[in-house]
>>> print(open('structure.csv').read())   # CSV, C-alpha atoms
chain,number,residue,atom,x,y,z
S,960,MET,CA,-28.8,-23.4,-8.9
S,961,PRO,CA,-26.7,-25.3,-11.4
S,962,PRO,CA,-27.3,-29.0,-11.8
S,963,LEU,CA,-26.2,-30.8,-8.6
S,964,PRO,CA,-23.0,-32.5,-10.0
S,965,ARG,CA,-21.7,-29.2,-11.3
S,966,ALA,CA,-22.8,-27.3,-8.2
S,967,ILE,CA,-20.8,-29.8,-6.0
S,968,ILE,CA,-17.7,-29.3,-8.1
S,969,LEU,CA,-18.1,-25.5,-8.0
S,970,ALA,CA,-18.8,-25.5,-4.3
S,971,LEU,CA,-15.7,-27.6,-3.6
S,972,GLN,CA,-13.6,-25.1,-5.7
S,973,HIS,CA,-14.8,-22.3,-3.3
S,974,VAL,CA,-13.8,-24.4,-0.3
S,975,ILE,CA,-10.3,-25.2,-1.7
S,976,VAL,CA,-9.6,-21.6,-2.4
S,977,MET,CA,-10.5,-20.3,1.1
S,978,ILE,CA,-9.7,-23.2,3.5
S,979,SER,CA,-6.0,-22.4,3.9
S,980,THR,CA,-6.9,-19.1,5.6
S,981,PRO,CA,-8.8,-20.6,8.5
S,982,ILE,CA,-6.3,-23.4,8.9
S,983,ALA,CA,-3.4,-20.9,9.1
S,984,SER,CA,-5.3,-18.7,11.5
S,985,VAL,CA,-6.0,-21.5,13.9
S,986,PHE,CA,-2.3,-22.7,13.9
S,987,LEU,CA,-1.3,-19.1,14.4
S,988,ILE,CA,-3.5,-18.9,17.5
S,989,SER,CA,-2.4,-22.3,18.7
S,990,GLY,CA,1.3,-21.5,18.3
S,991,ALA,CA,1.1,-18.0,19.9
S,992,LEU,CA,-1.0,-19.2,22.9
S,993,GLN,CA,0.7,-22.6,23.1
S,994,LEU,CA,-2.6,-24.5,23.0
S,995,ASP,CA,-2.6,-28.3,23.5
S,996,GLY,CA,-3.8,-30.7,20.8
S,997,ASP,CA,-7.3,-31.0,22.1
S,998,VAL,CA,-8.0,-27.3,22.3
S,999,THR,CA,-6.4,-26.8,18.9
S,1000,ARG,CA,-8.7,-29.4,17.4
S,1001,SER,CA,-11.7,-27.7,19.1
S,1002,VAL,CA,-10.7,-24.3,17.8
S,1003,LEU,CA,-10.2,-25.7,14.3
S,1004,CYS,CA,-13.6,-27.3,14.5
S,1005,VAL,CA,-15.5,-24.1,15.5
S,1006,THR,CA,-13.5,-22.0,13.0
S,1007,LEU,CA,-14.5,-24.2,10.1
S,1008,LEU,CA,-18.1,-24.4,11.4
S,1009,ALA,CA,-18.3,-20.6,11.6
S,1010,CYS,CA,-16.9,-20.4,8.1
S,1011,GLY,CA,-19.7,-22.7,6.9
S,1012,ILE,CA,-22.5,-21.1,8.9
S,1013,GLY,CA,-21.4,-17.6,7.9
S,1014,SER,CA,-21.2,-18.6,4.2
S,1015,ILE,CA,-24.8,-20.0,4.4
S,1016,LEU,CA,-26.1,-16.9,6.1
S,1017,GLN,CA,-24.4,-14.5,3.7
S,1018,SER,CA,-25.5,-16.5,0.7
S,1019,MET,CA,-29.1,-17.1,1.7
S,1020,GLY,CA,-29.8,-13.8,3.5
S,1021,TRP,CA,-32.4,-15.3,5.8
S,1022,LEU,CA,-34.1,-12.7,8.1
S,1023,LYS,CA,-31.8,-10.1,6.6
S,1024,LEU,CA,-28.9,-11.7,8.3
S,1025,GLY,CA,-26.7,-11.7,5.2
S,1026,ALA,CA,-26.2,-10.0,1.9
S,1027,LYS,CA,-28.1,-12.7,-0.2
S,1028,LEU,CA,-25.0,-12.7,-2.5
S,1029,PRO,CA,-22.5,-15.5,-3.3
S,1030,PHE,CA,-20.2,-14.8,-0.3
S,1031,VAL,CA,-18.0,-17.1,1.8
S,1032,MET,CA,-16.8,-16.2,5.3
S,1033,LEU,CA,-13.4,-16.4,6.9
S,1034,PRO,CA,-11.8,-15.4,10.2
S,1035,GLY,CA,-10.4,-12.0,9.6
S,1036,GLY,CA,-6.6,-12.2,9.3
S,1037,ALA,CA,-6.1,-8.9,11.0
S,1038,ALA,CA,-8.7,-9.7,13.6
S,1039,VAL,CA,-6.8,-12.9,14.5
S,1040,ALA,CA,-3.7,-10.8,15.1
S,1041,ILE,CA,-5.7,-8.6,17.5
S,1042,PHE,CA,-7.2,-11.6,19.2
S,1043,ILE,CA,-3.7,-13.0,19.8
S,1044,GLN,CA,-2.5,-9.6,21.1
S,1045,ILE,CA,-5.4,-9.3,23.6
S,1046,ALA,CA,-4.9,-12.9,24.7
S,1047,THR,CA,-1.2,-12.5,25.3
S,1048,GLU,CA,-1.6,-9.1,27.1
S,1049,HIS,CA,-4.6,-10.2,29.2
S,1050,SER,CA,-5.9,-13.7,28.7
S,1051,ALA,CA,-7.6,-15.9,26.1
S,1052,SER,CA,-10.9,-15.5,28.0
S,1053,VAL,CA,-10.6,-11.7,27.8
S,1054,ALA,CA,-9.9,-12.1,24.0
S,1055,THR,CA,-13.1,-14.1,23.7
S,1056,GLY,CA,-15.0,-11.5,25.6
S,1057,SER,CA,-13.6,-8.9,23.2
S,1058,VAL,CA,-14.9,-10.8,20.2
S,1059,ILE,CA,-18.3,-10.8,21.7
S,1060,ILE,CA,-18.2,-7.1,22.6
S,1061,ALA,CA,-17.0,-6.1,19.1
S,1062,ALA,CA,-19.6,-8.3,17.4
S,1063,ALA,CA,-22.4,-6.9,19.6
S,1064,VAL,CA,-21.3,-3.3,18.8
S,1065,CYS,CA,-21.3,-4.1,15.1
S,1066,LEU,CA,-24.8,-5.7,15.4
S,1067,VAL,CA,-26.1,-2.6,17.1
S,1068,LEU,CA,-24.4,-0.2,14.6
S,1069,SER,CA,-25.2,-2.2,11.5
S,1070,PRO,CA,-28.1,0.0,10.4
S,1071,LEU,CA,-25.7,3.0,10.5
S,1072,ALA,CA,-22.8,1.1,8.7
S,1073,GLY,CA,-23.1,3.2,5.6
S,1074,VAL,CA,-22.7,6.4,7.6
S,1075,ILE,CA,-20.0,5.2,9.9
S,1076,VAL,CA,-17.6,4.2,7.2
S,1077,LYS,CA,-17.6,7.8,5.9
S,1078,VAL,CA,-16.4,9.1,9.3
S,1079,ILE,CA,-13.1,7.1,9.3
S,1080,PRO,CA,-10.5,8.8,7.0
S,1081,PRO,CA,-9.2,6.3,4.3
S,1082,VAL,CA,-5.6,7.2,5.3
S,1083,VAL,CA,-6.2,6.1,8.9
S,1084,LEU,CA,-7.8,2.8,7.7
S,1085,ALA,CA,-4.8,2.2,5.4
S,1086,VAL,CA,-2.3,2.8,8.2
S,1087,MET,CA,-4.2,0.6,10.6
S,1088,ILE,CA,-4.4,-2.4,8.1
S,1089,THR,CA,-0.7,-2.1,7.3
S,1090,VAL,CA,0.3,-2.0,11.0
S,1091,ILE,CA,-2.0,-5.0,11.6
S,1092,GLY,CA,-0.2,-6.9,8.8
S,1093,VAL,CA,3.3,-6.1,10.2
S,1094,ASN,CA,2.1,-7.3,13.7
S,1095,VAL,CA,0.6,-10.6,12.4
S,1096,VAL,CA,3.7,-11.4,10.2
S,1097,LYS,CA,5.9,-11.1,13.3
S,1098,ILE,CA,3.6,-13.5,15.1
S,1099,ALA,CA,3.4,-15.9,12.1
S,1100,GLY,CA,7.2,-16.1,12.0
S,1101,GLY,CA,7.2,-17.6,15.4
S,1102,LEU,CA,5.3,-20.7,14.1
S,1103,ILE,CA,8.3,-21.8,12.0
S,1104,SER,CA,10.1,-23.0,15.1
S,1105,LYS,CA,9.1,-23.2,18.8
S,1106,ASP,CA,12.8,-22.6,19.7
S,1107,GLU,CA,14.5,-19.2,19.7
S,1108,LYS,CA,17.0,-20.7,17.2
S,1109,ALA,CA,15.1,-22.3,14.4
S,1110,PRO,CA,16.8,-25.5,13.1
S,1111,LEU,CA,17.9,-25.4,9.4
S,1112,TRP,CA,15.4,-28.1,8.4
S,1113,ALA,CA,12.5,-25.9,9.7
S,1114,ILE,CA,13.8,-22.8,7.9
S,1115,GLY,CA,14.2,-24.9,4.8
S,1116,LEU,CA,10.7,-26.3,4.9
S,1117,ALA,CA,9.2,-22.9,5.5
S,1118,ALA,CA,11.3,-21.4,2.6
S,1119,ALA,CA,10.4,-24.3,0.3
S,1120,THR,CA,6.7,-23.8,1.1
S,1121,VAL,CA,6.8,-20.1,0.4
S,1122,GLY,CA,8.9,-20.7,-2.8
S,1123,SER,CA,6.4,-23.3,-4.0
S,1124,ILE,CA,3.5,-20.9,-3.5
S,1125,ILE,CA,5.3,-18.1,-5.4
S,1126,VAL,CA,6.2,-20.4,-8.3
S,1127,LEU,CA,2.7,-21.8,-8.5
S,1128,GLN,CA,1.2,-18.3,-8.6
S,1129,ILE,CA,3.5,-17.5,-11.5
S,1130,VAL,CA,3.0,-20.7,-13.6
S,1131,LEU,CA,-0.6,-21.6,-12.9
S,1132,PRO,CA,-3.3,-20.2,-15.2
S,1133,ARG,CA,-4.9,-17.1,-13.7
S,1134,ARG,CA,-8.2,-18.9,-12.8
S,1135,PHE,CA,-6.2,-21.5,-10.7
S,1136,ARG,CA,-3.8,-19.1,-9.0
S,1137,SER,CA,-6.2,-18.7,-6.0
S,1138,VAL,CA,-5.4,-22.3,-4.9
S,1139,ALA,CA,-1.6,-21.7,-5.0
S,1140,ILE,CA,-1.4,-21.3,-1.2
S,1141,LEU,CA,-3.2,-24.6,-0.6
S,1142,LEU,CA,-1.0,-26.4,-3.2
S,1143,GLY,CA,2.1,-24.8,-1.6
S,1144,MET,CA,1.1,-26.3,1.7
S,1145,ALA,CA,0.7,-29.7,0.1
S,1146,VAL,CA,4.2,-29.4,-1.4
S,1147,GLY,CA,5.7,-28.4,1.9
S,1148,THR,CA,4.0,-31.3,3.6
S,1149,VAL,CA,5.3,-33.8,1.0
S,1150,LEU,CA,8.8,-32.5,1.6
S,1151,ALA,CA,8.4,-32.9,5.3
S,1152,VAL,CA,7.4,-36.6,4.8
S,1153,VAL,CA,10.3,-37.2,2.5
S,1154,SER,CA,12.8,-35.6,4.8
S,1155,GLY,CA,11.5,-37.4,7.9
S,1156,HIS,CA,10.0,-34.3,9.6
S,1157,PHE,CA,6.3,-35.3,9.5
S,1158,GLU,CA,4.4,-36.6,12.5
S,1159,SER,CA,0.9,-37.9,11.9
S,1160,VAL,CA,-1.8,-36.9,14.4
S,1161,SER,CA,-4.4,-39.6,15.0
S,1162,THR,CA,-7.4,-39.8,17.3
S,1163,ASP,CA,-10.4,-42.0,17.6
S,1164,ASP,CA,-12.9,-39.3,17.0
S,1165,VAL,CA,-15.1,-40.0,14.1
S,1166,LEU,CA,-17.4,-37.1,14.9
S,1167,ARG,CA,-15.9,-33.9,16.4
S,1168,LEU,CA,-17.7,-31.1,18.1
S,1169,PRO,CA,-16.3,-27.8,19.4
S,1170,THR,CA,-15.8,-27.4,23.2
S,1171,TRP,CA,-17.9,-24.8,25.0
S,1172,LEU,CA,-15.6,-22.2,26.6
S,1173,PRO,CA,-12.3,-23.9,25.8
S,1174,TYR,CA,-10.4,-20.9,27.4
S,1175,GLY,CA,-12.6,-20.9,30.6
S,1176,SER,CA,-15.3,-18.4,31.6
S,1177,VAL,CA,-15.6,-15.4,29.3
S,1178,THR,CA,-14.2,-12.1,30.8
S,1179,PHE,CA,-15.5,-8.8,29.5
S,1180,ASP,CA,-13.0,-5.9,29.5
S,1181,LEU,CA,-14.2,-3.0,27.4
S,1182,VAL,CA,-10.7,-1.3,27.4
S,1183,ALA,CA,-9.1,-4.5,26.2
S,1184,ALA,CA,-11.7,-4.8,23.5
S,1185,VAL,CA,-11.1,-1.4,22.0
S,1186,PRO,CA,-8.6,-2.6,19.3
S,1187,LEU,CA,-11.1,-5.2,18.0
S,1188,ILE,CA,-14.0,-2.8,18.2
S,1189,VAL,CA,-12.0,-0.2,16.1
S,1190,PHE,CA,-11.0,-2.9,13.6
S,1191,SER,CA,-14.5,-4.3,13.3
S,1192,ILE,CA,-16.0,-0.9,12.7
S,1193,GLY,CA,-13.3,-0.1,10.2
S,1194,SER,CA,-13.9,-3.4,8.4
S,1195,MET,CA,-17.3,-2.1,7.5
S,1196,ALA,CA,-15.5,-0.1,4.8
S,1197,GLU,CA,-14.1,-3.3,3.3
S,1198,ALA,CA,-17.5,-4.9,3.5
S,1199,THR,CA,-19.0,-1.9,1.6
S,1200,GLY,CA,-16.5,-2.4,-1.3
S,1201,GLN,CA,-16.9,-6.2,-1.4
S,1202,THR,CA,-20.7,-6.1,-1.2
S,1203,THR,CA,-20.9,-3.5,-4.1
S,1204,LEU,CA,-18.3,-5.4,-6.2
S,1205,ASN,CA,-20.1,-8.8,-5.6
S,1206,ALA,CA,-23.5,-7.3,-6.6
S,1207,ASP,CA,-22.0,-5.8,-9.8
S,1208,ILE,CA,-20.4,-9.1,-10.8
S,1209,VAL,CA,-23.6,-11.0,-10.4
S,1210,GLY,CA,-25.7,-8.2,-12.0
S,1211,LYS,CA,-27.9,-7.7,-9.0
S,1212,LYS,CA,-29.4,-4.3,-8.2
S,1213,ILE,CA,-29.2,-3.6,-4.5
S,1214,ASP,CA,-30.1,-1.0,-1.9
S,1215,LYS,CA,-26.5,-0.4,-0.8
S,1216,GLY,CA,-27.4,0.8,2.7
S,1217,ALA,CA,-29.7,-2.1,3.5
S,1218,THR,CA,-27.5,-4.8,1.9
S,1219,LEU,CA,-24.4,-3.5,3.7
S,1220,ALA,CA,-26.3,-3.6,7.0
S,1221,ALA,CA,-27.3,-7.2,6.2
S,1222,THR,CA,-23.7,-8.1,5.5
S,1223,VAL,CA,-22.5,-6.6,8.7
S,1224,ARG,CA,-25.3,-8.3,10.7
S,1225,GLY,CA,-24.3,-11.7,9.1
S,1226,ASP,CA,-20.7,-11.2,10.1
S,1227,ALA,CA,-21.6,-10.1,13.6
S,1228,LEU,CA,-24.0,-12.9,14.3
S,1229,THR,CA,-21.5,-15.5,13.1
S,1230,SER,CA,-18.9,-14.0,15.4
S,1231,LEU,CA,-21.3,-14.2,18.3
S,1232,ILE,CA,-22.0,-17.8,17.6
S,1233,ALA,CA,-18.3,-18.8,17.3
S,1234,ALA,CA,-16.9,-16.8,20.2
S,1235,PRO,CA,-18.1,-18.9,23.2
S,1236,PHE,CA,-16.5,-21.9,21.5
S,1237,GLY,CA,-13.2,-20.2,21.1
S,1238,GLY,CA,-13.8,-18.7,17.6
S,1239,GLN,CA,-12.6,-15.4,16.3
S,1240,THR,CA,-14.1,-12.4,14.6
S,1241,MET,CA,-15.6,-13.6,11.3
S,1242,LEU,CA,-15.8,-11.5,8.1
S,1243,THR,CA,-17.1,-12.0,4.6
S,1244,SER,CA,-14.3,-12.7,2.2
S,1245,GLY,CA,-13.4,-11.1,-1.1
S,1246,GLU,CA,-11.2,-14.0,-2.2
S,1247,ASN,CA,-13.9,-16.0,-3.7
S,1248,ILE,CA,-15.4,-13.2,-5.7
S,1249,GLY,CA,-12.7,-13.9,-8.2
S,1250,ILE,CA,-14.1,-17.4,-8.7
S,1251,VAL,CA,-17.5,-16.1,-9.4
S,1252,ARG,CA,-16.1,-13.7,-12.0
S,1253,ALA,CA,-13.9,-16.4,-13.6
S,1254,THR,CA,-16.5,-19.2,-13.8
S,1255,GLY,CA,-19.4,-16.9,-14.6
S,1256,VAL,CA,-21.5,-18.9,-12.1
S,1257,THR,CA,-23.2,-16.3,-10.0
S,1258,SER,CA,-25.5,-18.6,-8.0
S,1259,ARG,CA,-25.5,-17.9,-4.3
S,1260,PHE,CA,-26.7,-21.5,-3.8
S,1261,VAL,CA,-23.2,-22.7,-4.8
S,1262,THR,CA,-21.5,-20.7,-2.0
S,1263,ALA,CA,-24.3,-21.9,0.4
S,1264,LEU,CA,-23.4,-25.5,-0.6
S,1265,ALA,CA,-19.7,-24.6,0.0
S,1266,GLY,CA,-20.8,-23.6,3.5
S,1267,VAL,CA,-22.4,-27.1,4.0
S,1268,PHE,CA,-19.2,-28.7,2.9
S,1269,LEU,CA,-17.2,-26.6,5.4
S,1270,ILE,CA,-19.6,-27.7,8.2
S,1271,LEU,CA,-19.1,-31.4,7.2
S,1272,ILE,CA,-15.3,-31.0,7.1
S,1273,ALA,CA,-15.4,-29.4,10.6
S,1274,LEU,CA,-17.3,-32.3,12.1
S,1275,ILE,CA,-15.4,-35.2,10.5
S,1276,GLY,CA,-12.6,-36.1,13.0
S,1277,PRO,CA,-10.1,-37.8,10.6
S,1278,VAL,CA,-10.1,-34.6,8.4
S,1279,ALA,CA,-9.2,-32.5,11.4
S,1280,ASP,CA,-6.4,-35.0,12.3
S,1281,LEU,CA,-5.0,-34.7,8.7
S,1282,ILE,CA,-5.1,-30.9,8.9
S,1283,GLN,CA,-3.4,-30.9,12.3
S,1284,SER,CA,-0.7,-33.2,11.0
S,1285,ILE,CA,0.7,-30.4,8.7
S,1286,PRO,CA,4.2,-29.6,10.1
S,1287,ALA,CA,4.5,-26.3,12.0
S,1288,PRO,CA,7.2,-24.9,9.6
S,1289,VAL,CA,4.9,-25.4,6.7
S,1290,ILE,CA,2.1,-23.6,8.4
S,1291,GLY,CA,4.5,-20.9,9.6
S,1292,GLY,CA,5.8,-20.3,6.1
S,1293,THR,CA,2.3,-20.3,4.7
S,1294,ALA,CA,1.1,-17.9,7.4
S,1295,VAL,CA,4.0,-15.5,6.8
S,1296,TYR,CA,3.2,-15.4,3.1
S,1297,ALA,CA,-0.6,-15.2,3.5
S,1298,PHE,CA,-0.5,-12.5,6.2
S,1299,THR,CA,2.1,-10.4,4.4
S,1300,MET,CA,-0.7,-9.9,1.9
S,1301,ILE,CA,-2.4,-7.8,4.7
S,1302,VAL,CA,0.6,-5.5,4.6
S,1303,VAL,CA,0.4,-5.3,0.8
S,1304,SER,CA,-3.3,-4.7,1.0
S,1305,GLY,CA,-2.8,-1.8,3.4
S,1306,LEU,CA,-0.1,-0.3,1.1
S,1307,ARG,CA,-2.4,-0.7,-1.9
S,1308,MET,CA,-5.0,1.4,-0.1
S,1309,PHE,CA,-2.7,4.3,-0.3
S,1310,GLN,CA,-3.0,4.3,-4.1
S,1311,GLY,CA,-6.4,5.9,-3.9
S,1312,ILE,CA,-5.2,8.5,-1.4
S,1313,ASP,CA,-3.6,11.8,-2.3
S,1314,MET,CA,-0.3,11.5,-0.3
S,1315,THR,CA,0.9,14.9,-1.7
S,1316,ASP,CA,-1.8,16.4,0.6
S,1317,ASP,CA,0.0,17.4,3.8
S,1318,ALA,CA,-2.9,16.4,6.0
S,1319,ASN,CA,-2.8,12.8,4.7
S,1320,PHE,CA,1.0,12.7,4.9
S,1321,LEU,CA,1.1,13.9,8.5
S,1322,THR,CA,-1.8,11.6,9.5
S,1323,ALA,CA,-0.1,8.6,8.0
S,1324,THR,CA,3.3,9.5,9.5
S,1325,ALA,CA,1.9,9.9,13.0
S,1326,GLY,CA,-0.2,6.8,12.8
S,1327,PHE,CA,2.7,4.6,11.6
S,1328,ALA,CA,5.0,6.1,14.3
S,1329,ALA,CA,2.5,5.3,17.1
S,1330,GLY,CA,1.6,1.9,15.6
S,1331,LEU,CA,5.0,0.5,14.7
S,1332,LEU,CA,7.0,1.5,17.8
S,1333,PRO,CA,5.4,-1.0,20.2
S,1334,ILE,CA,5.8,-3.8,17.5
S,1335,LEU,CA,9.4,-3.1,16.6
S,1336,THR,CA,10.4,-2.0,20.2
S,1337,PRO,CA,8.2,-4.1,22.5
S,1338,SER,CA,10.2,-3.1,25.6
S,1339,LEU,CA,9.7,0.6,25.1
S,1340,TYR,CA,6.8,1.1,27.5
S,1341,LEU,CA,7.7,-1.5,30.2
S,1342,ASN,CA,8.3,1.1,32.9
S,1343,LEU,CA,4.9,2.7,32.5
S,1344,PRO,CA,1.8,1.9,34.6
S,1345,ALA,CA,0.0,-1.3,33.5
S,1346,ASP,CA,-3.1,0.4,32.0
S,1347,LEU,CA,-1.1,3.0,30.1
S,1348,ARG,CA,1.4,0.3,29.0
S,1349,LEU,CA,-1.4,-1.9,27.6
S,1350,LEU,CA,-2.9,1.1,25.7
S,1351,LEU,CA,0.4,2.5,24.3
S,1352,GLY,CA,1.8,-1.0,23.7
S,1353,ASN,CA,-1.1,-1.9,21.3
S,1354,GLY,CA,0.2,-0.8,17.9
S,1355,VAL,CA,-3.1,-1.4,16.2
S,1356,THR,CA,-5.1,0.7,18.6
S,1357,MET,CA,-2.5,3.5,18.7
S,1358,SER,CA,-2.3,3.7,14.9
S,1359,ALA,CA,-6.1,4.2,14.8
S,1360,ILE,CA,-6.3,6.6,17.8
S,1361,VAL,CA,-3.4,8.8,16.9
S,1362,GLY,CA,-4.4,8.8,13.2
S,1363,MET,CA,-7.9,9.9,14.0
S,1364,VAL,CA,-6.7,12.5,16.5
S,1365,VAL,CA,-4.2,14.0,14.0
S,1366,ALA,CA,-6.7,14.0,11.2
S,1367,GLY,CA,-9.3,15.6,13.4
S,1368,LEU,CA,-6.9,18.3,14.6
S,1369,ILE,CA,-5.8,19.1,11.0
S,1370,LEU,CA,-9.4,19.4,9.9
S,1371,LEU,CA,-10.3,21.6,12.9
S,1372,TRP,CA,-7.2,23.8,12.1
S,1373,LYS,CA,-8.3,24.2,8.5
S,1374,LYS,CA,-11.8,25.2,9.5
S,1375,THR,CA,-10.6,27.8,12.1
S,1376,THR,CA,-8.1,29.4,9.7
S,1377,ARG,CA,-10.4,29.9,6.7
>>> encode(input="structure.csv", output="structure tokens")
Amino acid sequence: MPPLPRAIILALQHVIVMISTPIASVFLISGALQLDGDVTRSVLCVTLLACGIGSILQSMGWLKLGAKLPFVMLPGGAAVAIFIQIATEHSASVATGSVIIAAAVCLVLSPLAGVIVKVIPPVVLAVMITVIGVNVVKIAGGLISKDEKAPLWAIGLAAATVGSIIVLQIVLPRRFRSVAILLGMAVGTVLAVVSGHFESVSTDDVLRLPTWLPYGSVTFDLVAAVPLIVFSIGSMAEATGQTTLNADIVGKKIDKGATLAATVRGDALTSLIAAPFGGQTMLTSGENIGIVRATGVTSRFVTALAGVFLILIALIGPVADLIQSIPAPVIGGTAVYAFTMIVVSGLRMFQGIDMTDDANFLTATAGFAAGLLPILTPSLYLNLPADLRLLLGNGVTMSAIVGMVVAGLILLWKKTTR
């Protein structure tokens, strides 16, 4: 543990780097589900609380419920998109039930995480992540304006926000580029104030607590939860890479299987805690690993302290009011930019895959075809029976299912023709 004054500064740096993601996620959900102000504030509260609790669990590793490494936690951007899709196709209460089901499945499967990640072909995971990114960018674009025809000032604010983020990421020193998104949001908000498009949100709440079951009683629907289950299991692969990378950076020798299982358990438990209060699927974040590398401060107590700060921010009412005052076009532009990174991340995964191999090429093609069709042509399956329509119309699920089936058939064909 560094001296307390330095530890506070370092912890706040971790918070600044990651806080734009939960804020954008909450506004994405609020805009897509048309939540009122009270529910939005409650969801923001529980999301930041979950980020804080999860960061403490992953950093401290109590009872093997965390990696015992300097991690912070975020709502998974792709998981947020799936949550919204389930909520719009069924209801928010079904989406909450899906978060609980997926977290419970991961909790049960956590001892086998190292084996499970080897079953999913990397090409299927890459397709799935890319499709998720396309879907969430489409949703994020709707935040720029509540009307079908966005006013010019809203488009201008969103464009100025994105432009500011890009410029800041170019001109800032490398170690500070991770805060470009947060600074871009600040620039967009200042422009909104100057142009007269800023409305301050003010409540009398000094202390704010999340609401129990803000969407009503939880509804459990196993079929509806399939996309989130598939994603959560697939995210174990990302957790494997992040856990290994984090351990390498801090110079800690780990038992990969046991540590990965602890990472997955920490994520799953935090999701289970957050879900009844309207929270989403929570995942350890790789964003802050860069700070650990840049500063050379490898103390897990610093990220645990960042978790404490996140909890305090969640509970202080005026802070939530300030966050909620950020104009929708600014949040929309930020969300489009931030979640486009998911698309890029999915495409980057193809770098490590041999796409000259016909098996990988055919699997990717089939997965993209099944996954992108319902996103780009949402009316395609409207004449089908409801259950079939919900299955085929879920691009994320279809990209995973079709990809796995095609990959399996090709593997079977190769074995039978040898």
>>> residues_around(input="structure.csv", residues="range 1304-1311 of chain S", least_positions_apart="4", cutoff="6 Å", atoms="only C-alpha atoms", output="compact mmCIF listing (two decimals) with C-alpha atoms, keeping the file's coordinate frame")
# COMPACT_ATOMS: atom_id res chain seq x y z
CA ALA S 1085 -4.80 2.20 5.40
CA ILE S 1088 -4.40 -2.40 8.10
CA THR S 1089 -0.70 -2.10 7.30
CA MET S 1300 -0.70 -9.90 1.90
>>> closest_atom_pairs(input="structure.csv", of="range 1176-1223 of chain S", to="range 1257-1271 of chain S", cutoff="10 Å", atoms="all atoms listed in the file", output="JSON lines")
{"residue": "S:Asn1205", "atom": "CA", "partner": "S:Thr1257", "partner_atom": "CA", "distance": 9.2}
{"residue": "S:Ala1206", "atom": "CA", "partner": "S:Thr1257", "partner_atom": "CA", "distance": 9.6}
{"residue": "S:Ile1208", "atom": "CA", "partner": "S:Thr1257", "partner_atom": "CA", "distance": 7.8}
{"residue": "S:Val1209", "atom": "CA", "partner": "S:Thr1257", "partner_atom": "CA", "distance": 5.3}
{"residue": "S:Gly1210", "atom": "CA", "partner": "S:Thr1257", "partner_atom": "CA", "distance": 8.7}
{"residue": "S:Lys1211", "atom": "CA", "partner": "S:Thr1257", "partner_atom": "CA", "distance": 9.9}
>>> residues_near_point(input="structure.csv", point="(-14.6, -19.0, 8.8)", cutoff="6 Å", atoms="all atoms listed in the file", output="list in words")
Thr1006, Leu1007, Ala1009, Cys1010, Met1032, Leu1033 and Pro1034 of chain S
>>> residues_around(input="structure.csv", residues="Ala1227 in chain S", least_positions_apart="5", cutoff="7 Å", atoms="only C-alpha atoms", output="mmCIF file with C-alpha atoms, in the frame of the given file")
data_model
loop_
_atom_site.group_PDB
_atom_site.id
_atom_site.type_symbol
_atom_site.label_atom_id
_atom_site.label_comp_id
_atom_site.auth_asym_id
_atom_site.auth_seq_id
_atom_site.Cartn_x
_atom_site.Cartn_y
_atom_site.Cartn_z
ATOM 1 C CA ALA S 1062 -19.600 -8.300 17.400
ATOM 2 C CA ALA S 1063 -22.400 -6.900 19.600
ATOM 3 C CA CYS S 1065 -21.300 -4.100 15.100
ATOM 4 C CA LEU S 1066 -24.800 -5.700 15.400
#
>>> closest_atom_pairs(input="structure.csv", of="range 1234-1315 of chain S", to="range 1099-1104 of chain S", cutoff="10 Å", atoms="only C-alpha atoms", output="tab-separated table")
residue	atom	partner	partner_atom	distance
S:Pro1286	CA	S:Ile1103	CA	9.0
S:Ala1287	CA	S:Ile1103	CA	5.9
S:Pro1288	CA	S:Ile1103	CA	4.1
S:Val1289	CA	S:Ile1103	CA	7.3
S:Ile1290	CA	S:Leu1102	CA	7.2
S:Gly1291	CA	S:Leu1102	CA	4.6
S:Gly1292	CA	S:Ile1103	CA	6.6
S:Thr1293	CA	S:Ala1099	CA	8.7
S:Ala1294	CA	S:Ala1099	CA	5.6
S:Val1295	CA	S:Ala1099	CA	5.3
S:Tyr1296	CA	S:Ala1099	CA	9.0
S:Ala1297	CA	S:Ala1099	CA	9.5
S:Phe1298	CA	S:Ala1099	CA	7.8
S:Thr1299	CA	S:Ala1099	CA	9.6
>>> atom_distance(input="structure.csv", atom1="CA of Val1189 in chain S", atom2="CA of Ser984 in chain S")
20.2 Å
>>> atom_distance(input="structure.csv", atom1="CA of Pro1173 in chain S", atom2="CA of Ser1052 in chain S")
8.8 Å
>>> closest_atom_pairs(input="structure.csv", of="range 1221-1277 of chain S", to="range 1195-1199 of chain S", cutoff="8 Å", atoms="all atoms listed in the file", output="Markdown table")
| residue | atom | partner | partner_atom | distance |
| --- | --- | --- | --- | --- |
| S:Thr1222 | CA | S:Ala1198 | CA | 7.3 |
| S:Val1223 | CA | S:Met1195 | CA | 7.0 |
| S:Thr1243 | CA | S:Ala1198 | CA | 7.2 |
>>> write_last_selection(input="structure.csv", atoms="C-alpha atoms", output="short mmCIF file (atom, residue, chain, number, x, y, z; two decimals), keeping the file's coordinate frame")
data_model
loop_
_atom_site.label_atom_id
_atom_site.label_comp_id
_atom_site.auth_asym_id
_atom_site.auth_seq_id
_atom_site.Cartn_x
_atom_site.Cartn_y
_atom_site.Cartn_z
CA THR S 1222 -23.70 -8.10 5.50
CA VAL S 1223 -22.50 -6.60 8.70
CA THR S 1243 -17.10 -12.00 4.60
#
>>> residues_near_point(input="structure.csv", point="(-18.6, -15.2, 14.2)", cutoff="9 Å", atoms="all atoms listed in the file", output="list in words")
Thr1006, Ala1009, Cys1010, Ile1012, Gly1013, Pro1034, Val1058, Ile1059, Ala1062, Gly1225, Asp1226, Ala1227, Leu1228, Thr1229, Ser1230, Leu1231, Ile1232, Ala1233, Ala1234, Gly1238, Gln1239, Thr1240, Met1241 and Leu1242 of chain S
